[in-house]
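*Asks:* This is the structure I have questions about; it appears just below.
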Number of protein chains: 2
Amino acid sequence: MQNTPLSRETLLPPLAAHVLEHGLGGASLRPLAKAAGTSDRMLIYHFGNKETLISDLLEYIAGIYSAGLDAGMGTERAATRQEVLAKILAQGREPMMQPFLVLWWEIVAGSARGIPGYKEAAAEMMTRQLAWLETQMPADDPDPVGGARYLLTLIEGTLMLGAVGHARTAREGLLASDLSGD
Amino acid sequence: MQNTPLSRETLLPPLAAHVLEHGLGGASLRPLAKAAGTSDRMLIYHFGNKETLISDLLEYIAGIYSAGLDAGMGTERAATRQEVLAKILAQGREPMMQPFLVLWWEIVAGSARGIPGYKEAAAEMMTRQLAWLETQMPADDPDPVGGARYLLTLIEGTLMLGAVGHARTAREGLLASDLSGD
DNA sequence: AGCGATATGTAGCAGGTGCTACAAGGATAA
DNA sequence: TTATCCTTGTAGCACCTGCTACATATCGCT
């Protein structure tokens, strides 16, 4: 009956799609299995238990995210930190990114609460974003490494405020800063 | 048997304590009721359903948080933005604040996902924190309103990075900024 | 052809979920 | 006293939870 052989590799993409749409918190085996065209029985068979399923899934999603960052990197370099910031925040406002952002806060929450697998995935994604951000810094930036960390802090703060309906607060805060870097 | 009459008001404090310790995600009626010394039956009776229970609880917790901010406000004013930032981040590192922070990310996640009641509570808490932050700005700050928004963005970004194990990244980022304000 | 390993379907278990039906206590008002 | 309303306890329902026992089916290998 099945056309494609079942394995972790073939299962993870539809599982990730389901989680991106419906979230991690309410993700239970039977809906997940349905999204992957299988049964809960098979998910347990291939992953052992739910906890490692979620861990593997988070790792996989972190991988997609990293790949997406690399792919979405524009060709021309920004000239100022403001431009870098504006470019990234604009990217975060794109509809395509929304499910990712929503899931992201769930991962942060799980990480803060110490749920197995969450902190690893979250830290991995942040490390990747930081590395990517360093490549995006202006060519003449006096301190690209520190600047990237500074911008990352501002970006995450802005995203958080946006998530709770305070996008305007963050925008006004950024306007009130100069971002000069020295 | 019961010494204190049951009502929303008497139920909310023990419920909030339970949620601060065990989180919102896994909070189900029977454990919540047990923490409050009642039965799930009574929780439904007094709140109607679980959704309004959680909404009321979030509102109540937001209230505690605001009160705590007011109470925790030091007497002497900081002289520079760096001092304000350092003071607040030090406060966020206190053990007493940890359950609150952990819960906070769950609220942010719920807000981002649009779960009823979460966005209201989160926005309320941010509004309060912003107002409090404005009162904390240095007396000679050139732009206390914008500066408070800027600092709030930095604070939340720092807290988020801390939640995912990147506290050091945020610290280095803040060192690389000057925070001057003009 | 026979055999063992891998893979999958069906059924089900023990426990948890939000919520409700029903009855009964207790206070209060007539 | 009787009637009424507010509050509470006991059972229970229908469903969902992760996971498992058991029986097949399918495959490569000898």
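Residue names in the structure tokens use chain letters A, B, ... in the order shown, residue numbers from 1 in each chain, and ligand numbers from 1 in the order shown.
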Residues at most 8 Å from region 14-19 of chain D, counting only C-alpha atoms (C1' of nucleotides), excluding those fewer than 2 positions away in the same chain, as a PyMOL selection string?
*Replies:* (chain A and resi 28-29+44+50) or (chain C and resi 16-17)
*Asks:* What does the file look like for those residues with N, CA and C atoms (P, O5', C5', C4', C3', O3' and C1' of nucleotides), as a CSV table (one decimal), in the first residue's frame?
*Replies:*
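Saved the output as part.csv:
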```csv
chain,number,residue,atom,x,y,z
A,28,SER,N,0.0,15.7,19.7
A,28,SER,CA,-0.1,14.4,20.2
A,28,SER,C,0.1,13.4,19.1
A,29,LEU,N,0.4,12.1,19.5
A,29,LEU,CA,0.8,11.2,18.5
A,29,LEU,C,-0.2,10.9,17.3
A,44,ILE,N,5.8,5.5,17.2
A,44,ILE,CA,6.6,4.9,18.3
A,44,ILE,C,7.6,3.9,17.8
A,50,LYS,N,7.7,9.3,22.4
A,50,LYS,CA,7.4,10.6,22.0
A,50,LYS,C,8.5,11.6,22.2
C,16,DG,P,-3.7,9.4,36.3
C,16,DG,O5',-4.1,10.5,35.2
C,16,DG,C5',-3.2,10.9,34.3
C,16,DG,C4',-3.9,11.7,33.2
C,16,DG,C3',-4.7,12.9,33.7
C,16,DG,O3',-4.3,14.1,33.1
C,16,DG,C1',-6.0,11.5,32.2
C,17,DT,P,-4.9,15.4,33.6
C,17,DT,O5',-6.1,15.7,32.6
C,17,DT,C5',-5.8,15.9,31.2
C,17,DT,C4',-7.0,16.2,30.4
C,17,DT,C3',-8.0,17.1,31.1
C,17,DT,O3',-7.7,18.5,30.9
C,17,DT,C1',-9.1,15.3,29.9
```
*Asks:* Skip region 134-147 of chain A itself and residues of its chain fewer than 5 positions away, then list as a short mmCIF file (atom, residue, chain, number, x, y, z; two decimals) with C-alpha atoms, in the first residue's frame all residues within 6 Å of it, counting only C-alpha atoms (C1' of nucleotides).
*Replies:*
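That gives us selection_16.cif:
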```cif
data_model
loop_
_atom_site.label_atom_id
_atom_site.label_comp_id
_atom_site.auth_asym_id
_atom_site.auth_seq_id
_atom_site.Cartn_x
_atom_site.Cartn_y
_atom_site.Cartn_z
CA ALA A 78 24.09 46.44 4.05
CA ALA A 79 26.09 49.64 4.56
CA THR A 80 25.02 50.46 8.12
CA GLY B 173 26.29 42.57 22.86
CA ALA B 176 29.54 46.49 22.49
#
```
*Asks:* If we count only C-alpha atoms (C1' of nucleotides), what is near Gly63 (chain B) at a cut-off of 12 Å, once residues fewer than 3 positions away on the same chain are taken out, given as a PyMOL selection string?
*Replies:* chain B and resi 12-13+16+56-60+66-70+121-122+124-129
*Asks:* Write down, as a ChimeraX atom specification, each residue of chain C that has any atom within 12 Å of an atom of chain A, counting only C-alpha atoms (C1' of nucleotides).
*Replies:* /C:6-11
*Asks:* At most 7 Å is the cut-off: for each residue in chain B with any atom that close to an atom of chain A, write down the nearest atom pair and the distance in Å rounded to one decimal, counting only C-alpha atoms, chain first then increasing number, as JSON lines.
*Replies:*
```
{"residue": "B:Val102", "atom": "CA", "partner": "A:Ala112", "partner_atom": "CA", "distance": 5.4}
{"residue": "B:Trp105", "atom": "CA", "partner": "A:Ala109", "partner_atom": "CA", "distance": 4.7}
{"residue": "B:Glu106", "atom": "CA", "partner": "A:Ala109", "partner_atom": "CA", "distance": 5.0}
{"residue": "B:Val108", "atom": "CA", "partner": "A:Val164", "partner_atom": "CA", "distance": 6.3}
{"residue": "B:Ala109", "atom": "CA", "partner": "A:Trp105", "partner_atom": "CA", "distance": 4.7}
{"residue": "B:Ser111", "atom": "CA", "partner": "A:Val164", "partner_atom": "CA", "distance": 5.8}
{"residue": "B:Ala112", "atom": "CA", "partner": "A:Ala163", "partner_atom": "CA", "distance": 5.0}
{"residue": "B:Arg113", "atom": "CA", "partner": "A:Val102", "partner_atom": "CA", "distance": 5.9}
{"residue": "B:Lys119", "atom": "CA", "partner": "A:Val164", "partner_atom": "CA", "distance": 5.6}
{"residue": "B:Ala122", "atom": "CA", "partner": "A:Val164", "partner_atom": "CA", "distance": 5.7}
{"residue": "B:Ala123", "atom": "CA", "partner": "A:Val164", "partner_atom": "CA", "distance": 5.5}
{"residue": "B:Gly146", "atom": "CA", "partner": "A:Ala176", "partner_atom": "CA", "distance": 5.1}
{"residue": "B:Gly147", "atom": "CA", "partner": "A:Ala176", "partner_atom": "CA", "distance": 6.2}
{"residue": "B:Arg149", "atom": "CA", "partner": "A:Gly173", "partner_atom": "CA", "distance": 4.2}
{"residue": "B:Tyr150", "atom": "CA", "partner": "A:Gly173", "partner_atom": "CA", "distance": 3.7}
{"residue": "B:Thr153", "atom": "CA", "partner": "A:Gly157", "partner_atom": "CA", "distance": 4.5}
{"residue": "B:Leu154", "atom": "CA", "partner": "A:Leu154", "partner_atom": "CA", "distance": 5.4}
{"residue": "B:Glu156", "atom": "CA", "partner": "A:Gly157", "partner_atom": "CA", "distance": 4.7}
{"residue": "B:Gly157", "atom": "CA", "partner": "A:Gly157", "partner_atom": "CA", "distance": 3.6}
{"residue": "B:Thr158", "atom": "CA", "partner": "A:Thr153", "partner_atom": "CA", "distance": 5.8}
{"residue": "B:Ala163", "atom": "CA", "partner": "A:Ala112", "partner_atom": "CA", "distance": 5.0}
{"residue": "B:Val164", "atom": "CA", "partner": "A:Ala123", "partner_atom": "CA", "distance": 5.5}
{"residue": "B:Gly165", "atom": "CA", "partner": "A:Ala123", "partner_atom": "CA", "distance": 6.1}
{"residue": "B:His166", "atom": "CA", "partner": "A:Ala123", "partner_atom": "CA", "distance": 6.8}
{"residue": "B:Thr169", "atom": "CA", "partner": "A:Arg149", "partner_atom": "CA", "distance": 5.9}
{"residue": "B:Ala170", "atom": "CA", "partner": "A:Thr153", "partner_atom": "CA", "distance": 5.9}
{"residue": "B:Glu172", "atom": "CA", "partner": "A:Gly146", "partner_atom": "CA", "distance": 6.2}
{"residue": "B:Gly173", "atom": "CA", "partner": "A:Tyr150", "partner_atom": "CA", "distance": 3.7}
{"residue": "B:Leu174", "atom": "CA", "partner": "A:Tyr150", "partner_atom": "CA", "distance": 5.8}
{"residue": "B:Ala176", "atom": "CA", "partner": "A:Gly146", "partner_atom": "CA", "distance": 5.1}
{"residue": "B:Ser177", "atom": "CA", "partner": "A:Gly181", "partner_atom": "CA", "distance": 5.8}
{"residue": "B:Asp178", "atom": "CA", "partner": "A:Asp182", "partner_atom": "CA", "distance": 6.3}
{"residue": "B:Gly181", "atom": "CA", "partner": "A:Ser177", "partner_atom": "CA", "distance": 5.8}
{"residue": "B:Asp182", "atom": "CA", "partner": "A:Asp178", "partner_atom": "CA", "distance": 6.4}
```
*Asks:* List every residue of region 59-94 of chain A that DSSP, applied to the backbone of this structure, places in helix (DSSP H, G or I), and write the result as JSON, numbers by chain.
*Replies:* {"A": [59, 60, 61, 62, 63, 64, 65, 66, 67, 68, 69, 70, 71, 72, 81, 82, 83, 84, 85, 86, 87, 88, 89, 90, 91, 92, 93]}
*Asks:* Find the residues around region 3-12 of chain D up to 9 Å (only C-alpha atoms (C1' of nucleotides) counted), leave out those fewer than 2 positions away in its own chain, and share them as a list in words.
*Replies:*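 These residues fall inside the cut-off: Arg41 and Met42 of chain B; DT20, DA21, DA23, DA24, DG25, DG26, DA27, DT28, DA29 and DA30 of chain C.
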*Asks:* Quote the spacing between CA of Pro31 (chain A) and CA of Leu43 (chain A) in Å to one decimal place.
*Replies:* 11.0 Å
*Asks:* For chain D, which residue among A:Leu89, A:Val19, A:Leu11, A:Ala27 is the nearest when counting only C-alpha atoms (C1' of nucleotides)?
*Replies:*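 Closest residue, counting only C-alpha atoms (C1' of nucleotides): A:Ala27.
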*Asks:* Choose the residue, out of A:Ile88, A:Glu83, A:Trp132, A:Glu51, that has the smallest atom-to-atom separation from chain D; count only C-alpha atoms (C1' of nucleotides).
*Replies:*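 Among the listed residues, the smallest separation from chain D belongs to A:Glu51.
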